[in-house]
$ cat data28.cif   # mmCIF, C-alpha atoms
data_final
#
loop_
_atom_site.group_PDB
_atom_site.id
_atom_site.type_symbol
_atom_site.label_atom_id
_atom_site.label_comp_id
_atom_site.auth_asym_id
_atom_site.auth_seq_id
_atom_site.Cartn_x
_atom_site.Cartn_y
_atom_site.Cartn_z
ATOM 1 C CA MET A 1 156.954 121.291 75.696
ATOM 2 C CA PRO A 2 153.810 122.684 74.009
ATOM 3 C CA LYS A 3 150.837 120.407 73.493
ATOM 4 C CA GLY A 4 151.058 118.532 70.190
ATOM 5 C CA ASP A 5 154.759 119.191 69.628
ATOM 6 C CA ILE A 6 155.577 115.564 68.800
ATOM 7 C CA VAL A 7 152.621 115.340 66.401
ATOM 8 C CA LYS A 8 153.668 118.577 64.691
ATOM 9 C CA ASN A 9 157.248 117.387 64.232
ATOM 10 C CA VAL A 10 156.224 113.963 62.901
ATOM 11 C CA VAL A 11 153.702 115.370 60.420
ATOM 12 C CA ALA A 12 156.049 118.147 59.250
ATOM 13 C CA TYR A 13 158.846 115.632 58.675
ATOM 14 C CA LEU A 14 156.655 113.178 56.751
ATOM 15 C CA VAL A 15 155.065 115.810 54.527
ATOM 16 C CA GLY A 16 158.419 117.547 53.981
ATOM 17 C CA GLU A 17 159.907 114.301 52.675
ATOM 18 C CA ILE A 18 157.040 113.735 50.213
ATOM 19 C CA VAL A 19 156.719 117.159 48.562
ATOM 20 C CA ASP A 20 158.880 118.887 45.954
ATOM 21 C CA ASN A 21 158.841 122.202 47.882
ATOM 22 C CA PRO A 22 159.476 121.349 51.552
ATOM 23 C CA GLU A 23 160.111 125.011 52.404
ATOM 24 C CA GLU A 24 156.424 125.739 51.713
ATOM 25 C CA VAL A 25 155.112 123.147 54.195
ATOM 26 C CA THR A 26 153.520 124.493 57.365
ATOM 27 C CA VAL A 27 151.894 122.510 60.151
ATOM 28 C CA ASP A 28 149.745 124.329 62.716
ATOM 29 C CA ILE A 29 148.389 122.663 65.838
ATOM 30 C CA VAL A 30 144.833 123.609 66.818
ATOM 31 C CA GLU A 31 143.508 122.487 70.206
ATOM 32 C CA GLU A 32 139.992 121.069 69.929
ATOM 33 C CA GLY A 33 139.665 120.254 73.607
ATOM 34 C CA ASP A 34 141.719 119.239 76.621
ATOM 35 C CA GLU A 35 142.983 116.037 75.054
ATOM 36 C CA GLU A 36 142.282 116.566 71.353
ATOM 37 C CA ILE A 37 144.349 118.343 68.704
ATOM 38 C CA VAL A 38 144.202 118.842 64.947
ATOM 39 C CA ALA A 39 147.316 119.268 62.825
ATOM 40 C CA GLU A 40 146.494 121.553 59.893
ATOM 41 C CA VAL A 41 148.863 120.902 56.993
ATOM 42 C CA ARG A 42 149.439 123.437 54.242
ATOM 43 C CA CYS A 43 151.742 122.996 51.253
ATOM 44 C CA ALA A 44 152.175 124.245 47.695
ATOM 45 C CA LYS A 45 149.160 123.493 45.462
ATOM 46 C CA PRO A 46 151.101 121.211 43.077
ATOM 47 C CA ASP A 47 152.295 119.117 46.040
ATOM 48 C CA MET A 48 148.863 118.559 47.576
ATOM 49 C CA GLY A 49 148.141 115.623 45.254
ATOM 50 C CA ARG A 50 151.353 113.909 46.330
ATOM 51 C CA VAL A 51 150.511 114.417 50.000
ATOM 52 C CA ILE A 52 147.012 112.970 49.629
ATOM 53 C CA GLY A 53 148.062 110.147 47.300
ATOM 54 C CA ARG A 54 145.968 107.806 45.218
ATOM 55 C CA ARG A 55 142.599 107.267 46.876
ATOM 56 C CA GLY A 56 143.968 109.035 49.950
ATOM 57 C CA ARG A 57 146.418 106.300 50.869
ATOM 58 C CA VAL A 58 149.305 108.629 51.757
ATOM 59 C CA ALA A 59 146.998 110.932 53.729
ATOM 60 C CA ARG A 60 145.629 107.925 55.641
ATOM 61 C CA ALA A 61 149.160 106.775 56.480
ATOM 62 C CA ILE A 62 150.087 110.269 57.713
ATOM 63 C CA ARG A 63 146.946 110.347 59.871
ATOM 64 C CA THR A 64 147.790 106.937 61.345
ATOM 65 C CA LEU A 65 151.306 108.033 62.297
ATOM 66 C CA ALA A 66 150.015 111.335 63.697
ATOM 67 C CA SER A 67 147.533 109.431 65.820
ATOM 68 C CA ALA A 68 150.316 107.204 67.179
ATOM 69 C CA ALA A 69 152.446 110.286 67.914
ATOM 70 C CA GLY A 70 149.495 111.845 69.729
ATOM 71 C CA GLU A 71 149.172 108.769 71.913
ATOM 72 C CA GLU A 72 152.777 109.359 73.031
ATOM 73 C CA GLU A 73 151.577 112.678 74.438
ATOM 74 C CA GLY A 74 148.288 111.322 75.763
ATOM 75 C CA LEU A 75 146.324 113.172 73.085
ATOM 76 C CA THR A 76 143.854 112.287 70.352
ATOM 77 C CA ALA A 77 145.386 113.679 67.172
ATOM 78 C CA SER A 78 143.911 114.124 63.718
ATOM 79 C CA VAL A 79 145.236 115.713 60.537
ATOM 80 C CA GLU A 80 143.524 118.069 58.093
ATOM 81 C CA PHE A 81 144.983 119.013 54.732
ATOM 82 C CA VAL A 82 144.149 122.656 54.030
ATOM 83 C CA ASP A 83 144.276 124.253 50.566
#
$ encode --input "data28.cif" --output "C-alpha coordinates"
Amino acid sequence: MPKGDIVKNVVAYLVGEIVDNPEEVTVDIVEEGDEEIVAEVRCAKPDMGRVIGRRGRVARAIRTLASAAGEEEGLTASVEFVD
(Lines of atoms letter the chains of each structure in order from A and count residues from 1; the text may use other names and numbers.)
(Lines give C-alpha, C1' and ligand atoms only; values in the text may rest on other atoms or scores of the structure.)
Protein backbone atom coordinates (compact mmCIF):
# COMPACT_ATOMS: atom_id res chain seq x y z
CA MET A 1 0.00 0.00 0.00
CA PRO A 2 1.41 3.43 -0.94
CA LYS A 3 2.48 5.80 1.80
CA GLY A 4 -0.41 7.97 2.99
CA ASP A 5 -3.15 5.83 1.45
CA ILE A 6 -5.27 5.76 4.62
CA VAL A 7 -4.91 9.53 5.07
CA LYS A 8 -5.89 10.13 1.44
CA ASN A 9 -8.99 7.94 1.72
CA VAL A 10 -10.12 9.51 5.01
CA VAL A 11 -9.67 13.09 3.78
CA ALA A 12 -11.30 12.38 0.40
CA TYR A 13 -14.30 10.78 2.11
CA LEU A 14 -14.77 13.62 4.61
CA VAL A 15 -14.45 16.40 2.05
CA GLY A 16 -16.64 14.51 -0.44
CA GLU A 17 -19.43 14.33 2.13
CA ILE A 18 -19.28 18.07 2.87
CA VAL A 19 -19.22 19.58 -0.63
CA ASP A 20 -21.98 20.01 -3.21
CA ASN A 21 -19.75 18.74 -6.05
CA PRO A 22 -17.95 15.64 -4.74
CA GLU A 23 -16.81 14.69 -8.25
CA GLU A 24 -14.54 17.76 -8.27
CA VAL A 25 -12.68 16.81 -5.07
CA THR A 26 -9.09 15.67 -5.47
CA VAL A 27 -6.64 14.74 -2.74
CA ASP A 28 -2.94 14.43 -3.58
CA ILE A 29 -0.37 13.08 -1.15
CA VAL A 30 3.00 14.86 -1.11
CA GLU A 31 5.88 13.31 0.83
CA GLU A 32 7.71 15.91 2.91
CA GLY A 33 10.19 13.46 4.40
CA ASP A 34 10.52 9.84 5.44
CA GLU A 35 7.72 10.00 7.98
CA GLU A 36 5.86 13.17 6.99
CA ILE A 37 3.15 13.69 4.38
CA VAL A 38 0.86 16.51 3.28
CA ALA A 39 -2.59 15.89 1.83
CA GLU A 40 -3.37 18.64 -0.69
CA VAL A 41 -7.13 19.07 -1.07
CA ARG A 42 -8.67 20.72 -4.11
CA CYS A 43 -12.39 21.26 -4.70
CA ALA A 44 -14.73 23.56 -6.60
CA LYS A 45 -14.37 27.24 -5.60
CA PRO A 46 -17.93 27.54 -4.24
CA ASP A 47 -17.34 24.52 -1.98
CA MET A 48 -14.10 25.78 -0.44
CA GLY A 49 -15.98 27.87 2.14
CA ARG A 50 -17.93 24.82 3.28
CA VAL A 51 -14.75 22.77 3.60
CA ILE A 52 -12.99 25.43 5.69
CA GLY A 53 -16.05 26.29 7.77
CA ARG A 54 -16.66 29.18 10.12
CA ARG A 55 -13.38 30.31 11.66
CA GLY A 56 -11.77 27.19 10.19
CA ARG A 57 -13.59 24.75 12.44
CA VAL A 58 -14.33 22.18 9.73
CA ALA A 59 -10.78 22.43 8.35
CA ARG A 60 -9.39 21.91 11.87
CA ALA A 61 -11.57 18.83 12.35
CA ILE A 62 -10.41 17.40 9.00
CA ARG A 63 -6.78 18.02 9.98
CA THR A 64 -7.31 16.28 13.32
CA LEU A 65 -8.78 13.19 11.67
CA ALA A 66 -6.04 13.17 9.02
CA SER A 67 -3.44 13.31 11.75
CA ALA A 68 -5.05 10.33 13.52
CA ALA A 69 -5.17 8.42 10.22
CA GLY A 70 -1.49 9.20 9.68
CA GLU A 71 -0.65 7.76 13.08
CA GLU A 72 -2.21 4.48 11.92
CA GLU A 73 0.48 4.39 9.23
CA GLY A 74 3.25 5.68 11.48
CA LEU A 75 3.31 9.02 9.67
CA THR A 76 2.93 12.67 10.58
CA ALA A 77 0.12 13.94 8.37
CA SER A 78 -1.07 17.46 7.67
CA VAL A 79 -3.68 18.88 5.31
CA GLU A 80 -3.50 21.89 3.00
CA PHE A 81 -6.50 23.33 1.20
CA VAL A 82 -5.40 24.52 -2.24
CA ASP A 83 -7.37 26.97 -4.40
$ resolve_selection --input "data28.cif" --expression "the PyMOL selection byres ((chain A and resi 8) around 9)" --output "list in words"
Gly4, Asp5, Ile6, Val7, Asn9, Val10, Val11, Ala12, Tyr13, Val27, Asp28, Ile29, Ala39, Ala66 and Ala69 of chain A
$ closest_residue --input "data28.cif" --among "A:Asp20, A:Arg55, A:Thr26, A:Lys3" --to "A:Glu72" --atoms "all atoms listed in the file"
A:Lys3
$ resolve_selection --input "data28.cif" --expression "the PyMOL selection byres ((chain A and resi 63) around 9)" --output "ChimeraX atom specification"
/A:11,58-62,64-68,77-80
$ atom_distance --input "data28.cif" --atom1 "atom CA of A:Glu24" --atom2 "atom CA of A:Gly74"
29.2 Å
$ closest_residue --input "data28.cif" --among "A:Leu75, A:Ile37, A:Val30, A:Ala44" --to "A:Gly16" --atoms "all atoms listed in the file"
A:Ala44
$ build_atoms --input "data28.cif" --residues "stretch 30-50 of chain A" --atoms "N, CA and C atoms" --output "mmCIF file, keeping the file's coordinate frame"
data_model
loop_
_atom_site.group_PDB
_atom_site.id
_atom_site.type_symbol
_atom_site.label_atom_id
_atom_site.label_comp_id
_atom_site.auth_asym_id
_atom_site.auth_seq_id
_atom_site.Cartn_x
_atom_site.Cartn_y
_atom_site.Cartn_z
ATOM 1 N N VAL A 30 146.026 122.949 66.290
ATOM 2 C CA VAL A 30 144.833 123.609 66.818
ATOM 3 C C VAL A 30 144.256 122.710 67.904
ATOM 4 N N GLU A 31 144.073 123.265 69.106
ATOM 5 C CA GLU A 31 143.508 122.487 70.206
ATOM 6 C C GLU A 31 141.994 122.450 70.067
ATOM 7 N N GLU A 32 141.437 121.249 70.052
ATOM 8 C CA GLU A 32 139.992 121.069 69.929
ATOM 9 C C GLU A 32 139.343 120.822 71.285
ATOM 10 N N GLY A 33 140.148 120.546 72.258
ATOM 11 C CA GLY A 33 139.665 120.254 73.607
ATOM 12 C C GLY A 33 140.860 119.995 74.495
ATOM 13 N N ASP A 34 140.615 119.500 75.701
ATOM 14 C CA ASP A 34 141.719 119.239 76.621
ATOM 15 C C ASP A 34 142.685 118.186 76.095
ATOM 16 N N GLU A 35 142.143 117.162 75.486
ATOM 17 C CA GLU A 35 142.983 116.037 75.054
ATOM 18 C C GLU A 35 142.912 115.781 73.558
ATOM 19 N N GLU A 36 142.459 116.767 72.786
ATOM 20 C CA GLU A 36 142.282 116.566 71.353
ATOM 21 C C GLU A 36 142.919 117.706 70.572
ATOM 22 N N ILE A 37 143.709 117.338 69.548
ATOM 23 C CA ILE A 37 144.349 118.343 68.704
ATOM 24 C C ILE A 37 144.143 117.996 67.231
ATOM 25 N N VAL A 38 144.262 119.021 66.395
ATOM 26 C CA VAL A 38 144.202 118.842 64.947
ATOM 27 C C VAL A 38 145.452 119.480 64.357
ATOM 28 N N ALA A 39 146.156 118.735 63.537
ATOM 29 C CA ALA A 39 147.316 119.268 62.825
ATOM 30 C C ALA A 39 146.827 119.718 61.447
ATOM 31 N N GLU A 40 146.901 121.014 61.195
ATOM 32 C CA GLU A 40 146.494 121.553 59.893
ATOM 33 C C GLU A 40 147.729 121.677 59.008
ATOM 34 N N VAL A 41 147.720 120.952 57.897
ATOM 35 C CA VAL A 41 148.863 120.902 56.993
ATOM 36 C C VAL A 41 148.579 121.759 55.771
ATOM 37 N N ARG A 42 149.515 122.628 55.459
ATOM 38 C CA ARG A 42 149.439 123.437 54.242
ATOM 39 C C ARG A 42 150.721 123.224 53.447
ATOM 40 N N CYS A 43 150.574 123.118 52.121
ATOM 41 C CA CYS A 43 151.742 122.996 51.253
ATOM 42 C C CYS A 43 151.401 123.621 49.906
ATOM 43 N N ALA A 44 152.385 123.669 49.023
ATOM 44 C CA ALA A 44 152.175 124.245 47.695
ATOM 45 C C ALA A 44 151.093 123.444 46.962
ATOM 46 N N LYS A 45 150.273 124.141 46.185
ATOM 47 C CA LYS A 45 149.160 123.493 45.462
ATOM 48 C C LYS A 45 149.609 122.268 44.646
ATOM 49 N N PRO A 46 150.706 122.376 43.879
ATOM 50 C CA PRO A 46 151.101 121.211 43.077
ATOM 51 C C PRO A 46 151.474 119.992 43.925
ATOM 52 N N ASP A 47 151.884 120.220 45.170
ATOM 53 C CA ASP A 47 152.295 119.117 46.040
ATOM 54 C C ASP A 47 151.134 118.446 46.762
ATOM 55 N N MET A 48 149.978 119.088 46.800
ATOM 56 C CA MET A 48 148.863 118.559 47.576
ATOM 57 C C MET A 48 148.453 117.166 47.091
ATOM 58 N N GLY A 49 148.483 116.936 45.792
ATOM 59 C CA GLY A 49 148.141 115.623 45.254
ATOM 60 C C GLY A 49 149.092 114.542 45.739
ATOM 61 N N ARG A 50 150.367 114.873 45.844
ATOM 62 C CA ARG A 50 151.353 113.909 46.330
ATOM 63 C C ARG A 50 151.109 113.589 47.798
#
